[in-house]
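Remarks on the structure that follows.
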Amino acid sequence: QSVLTQPPSVSAAPGQKVTISCSGSSSNVGDNYVSWYQQLPGTAPKLLIYDNNKRPSGIPDRFSGSKSGTSATLGITGLQTGDEADYYCGTWDNSLSAVVFGGGTKLTVL
Amino acid sequence: QVQLVQSGAEVKKPGASVKVSCKASGYIFTSSGLSWVRQAPGQGLQWMGWVSGYNGNTNYAQKFQGRVTMTADTSMRTAYMELRSLRSDDTALYYCARGDGNKGGFDYWGQGTLVTVSS
């Protein structure tokens, strides 16, 4: 059981938009920065979004992040088949004094 | 460019220990810490702890306290993670990642080291 809650799966057609939610509490999402990671099959995770809504160099602006209260959201527009991957949110938890992750969301581009 | 290169796969028996290395390049080693994150087969990500590249300070997840030791050798630009008293449920891919997981996230990741625990 993960501390952060994500939907197990989402799907959408190529070119469409999808959002992935990440729900936490006041001790984690509500009080700390949220990051998002993309894990393509058989590869290491890759940072997509950091500090709630910032994109590292090289990440296209099709990817966006937002946070409101104790929930965060990853948005992906102009879906491509290459976006099929597992997506994880992560943040610090003040109560656990640990980094916590969501259980991951599998994105299928139909 | 920043690179984190990990040591190779390991097979261990229950009760044994494993030590995984993570060699860093492309940045000032002492300016960042390194975290260790593991992923059991078909499962999600689990943070194990962090070691400072500056002074070797550590912060371990409670789940691994007493069973894990993380160190950083500044002369070798290498971080190490040793896990003791291995059990079958420690079978996982172990990743090192730059950062402490809060501000800035984990911006670079190693390729992962598969540790298999089997009798």
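We name chains A, B, ... following the order of the structure tokens; residues begin at 1 in each chain, and ligands are numbered from 1 as shown.
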Write out as a VMD selection string which residues come within 8 Å of segment 31-45 of chain A when counting only C-alpha atoms, dropping same-chain ones fewer than 6 positions away. (chain A and resid 51 to 52 67 72 74 84 to 93) or (chain B and resid 95 102 to 105 109 to 112)
Write out, as CSV, each residue of chain B that has an atom at most 12 Å from chain A, together with the closest pair of atoms and their distance in Å to one decimal, counting only C-alpha atoms, rows going by chain and rising number.
residue,atom,partner,partner_atom,distance
B:Leu4,CA,A:Ala44,CA,11.3
B:Val5,CA,A:Ala44,CA,11.9
B:Gln6,CA,A:Ala44,CA,11.9
B:Ser35,CA,A:Val99,CA,9.7
B:Trp36,CA,A:Val99,CA,10.6
B:Val37,CA,A:Val99,CA,9.6
B:Arg38,CA,A:Ala44,CA,10.6
B:Gln39,CA,A:Ala44,CA,10.0
B:Pro41,CA,A:Gly42,CA,11.0
B:Gly42,CA,A:Gly104,CA,10.8
B:Gln43,CA,A:Gly103,CA,7.9
B:Gly44,CA,A:Gly103,CA,5.5
B:Leu45,CA,A:Phe101,CA,6.4
B:Gln46,CA,A:Phe101,CA,6.9
B:Trp47,CA,A:Val99,CA,5.9
B:Met48,CA,A:Ala98,CA,8.4
B:Gly49,CA,A:Ala98,CA,7.6
B:Trp50,CA,A:Ala98,CA,9.5
B:Thr58,CA,A:Ala98,CA,11.9
B:Asn59,CA,A:Ala98,CA,8.3
B:Tyr60,CA,A:Ala98,CA,7.7
B:Ala61,CA,A:Ala98,CA,5.8
B:Gln62,CA,A:Leu96,CA,7.9
B:Lys63,CA,A:Ala98,CA,10.1
B:Phe64,CA,A:Ala98,CA,11.3
B:Gln65,CA,A:Ala98,CA,11.9
B:Leu93,CA,A:Ala44,CA,9.5
B:Tyr94,CA,A:Ala44,CA,9.9
B:Tyr95,CA,A:Ala44,CA,7.7
B:Cys96,CA,A:Ala44,CA,9.9
B:Ala97,CA,A:Pro45,CA,9.4
B:Arg98,CA,A:Leu47,CA,10.8
B:Gly99,CA,A:Val99,CA,11.0
B:Asp100,CA,A:Val99,CA,8.0
B:Gly101,CA,A:Val99,CA,6.1
B:Asn102,CA,A:Trp92,CA,5.5
B:Lys103,CA,A:Asp51,CA,5.8
B:Gly104,CA,A:Tyr50,CA,5.5
B:Gly105,CA,A:Tyr50,CA,5.5
B:Phe106,CA,A:Leu47,CA,6.5
B:Asp107,CA,A:Leu47,CA,5.6
B:Tyr108,CA,A:Lys46,CA,7.2
B:Trp109,CA,A:Ala44,CA,6.7
B:Gly110,CA,A:Ala44,CA,7.1
B:Gln111,CA,A:Ala44,CA,5.8
B:Gly112,CA,A:Ala44,CA,6.7
B:Thr113,CA,A:Ala44,CA,10.3
B:Leu114,CA,A:Ala44,CA,11.9
Can you pull out the residues contacting Ser119 of chain B? Cut-off 9 Å, using only C-alpha atoms, and skip same-chain residues under 5 positions away; I want them as a list of chain:residue names.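 What passes the distance filter is B:Lys12, B:Lys13, B:Pro14, B:Ser88.
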Find the residues near Met81 of chain B: any atom within 7 Å, counting only C-alpha atoms, skip ones fewer than 4 places away on the same chain, and give them as a PyMOL selection string. chain B and resi 19-21+69-71
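Within segment 18-79 of chain A, DSSP run on the backbone puts these residues in strand (DSSP E): Val18, Thr19, Ile20, Ser21, Cys22, Ser23, Val34, Ser35, Trp36, Tyr37, Gln38, Gln39, Lys46, Leu47, Leu48, Ile49, Phe63, Ser64, Gly65, Ser66, Lys67, Ser68, Ser71, Ala72, Thr73, Leu74, Gly75 and Ile76 of chain A.
All residues in segment 15-110 of chain A with a DSSP state of helix (DSSP H, G or I), computed from the backbone, read Val29, Gly30, Asp31, Thr81, Gly82 and Asp83 of chain A.
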Write out, as a PDB file, in the first residue's frame, the residues just selected, with N, CA and C atoms.
ATOM      1  N   VAL A  29       2.503  15.583   0.188  1.00  0.00           N
ATOM      2  CA  VAL A  29       2.208  16.464  -0.950  1.00  0.00           C
ATOM      3  C   VAL A  29       1.867  17.870  -0.497  1.00  0.00           C
ATOM      4  N   GLY A  30       1.104  17.973   0.581  1.00  0.00           N
ATOM      5  CA  GLY A  30       0.635  19.278   1.034  1.00  0.00           C
ATOM      6  C   GLY A  30       1.720  20.204   1.540  1.00  0.00           C
ATOM      7  N   ASP A  31       2.901  19.650   1.846  1.00  0.00           N
ATOM      8  CA  ASP A  31       3.931  20.489   2.459  1.00  0.00           C
ATOM      9  C   ASP A  31       5.291  20.381   1.794  1.00  0.00           C
ATOM     10  N   THR A  81       2.837   7.215 -29.094  1.00  0.00           N
ATOM     11  CA  THR A  81       2.995   5.818 -28.674  1.00  0.00           C
ATOM     12  C   THR A  81       4.236   5.663 -27.804  1.00  0.00           C
ATOM     13  N   GLY A  82       5.227   6.495 -28.023  1.00  0.00           N
ATOM     14  CA  GLY A  82       6.444   6.448 -27.216  1.00  0.00           C
ATOM     15  C   GLY A  82       6.255   6.907 -25.783  1.00  0.00           C
ATOM     16  N   ASP A  83       5.075   7.454 -25.466  1.00  0.00           N
ATOM     17  CA  ASP A  83       4.787   7.879 -24.092  1.00  0.00           C
ATOM     18  C   ASP A  83       4.286   6.720 -23.228  1.00  0.00           C
TER      19      ASP A  83
END
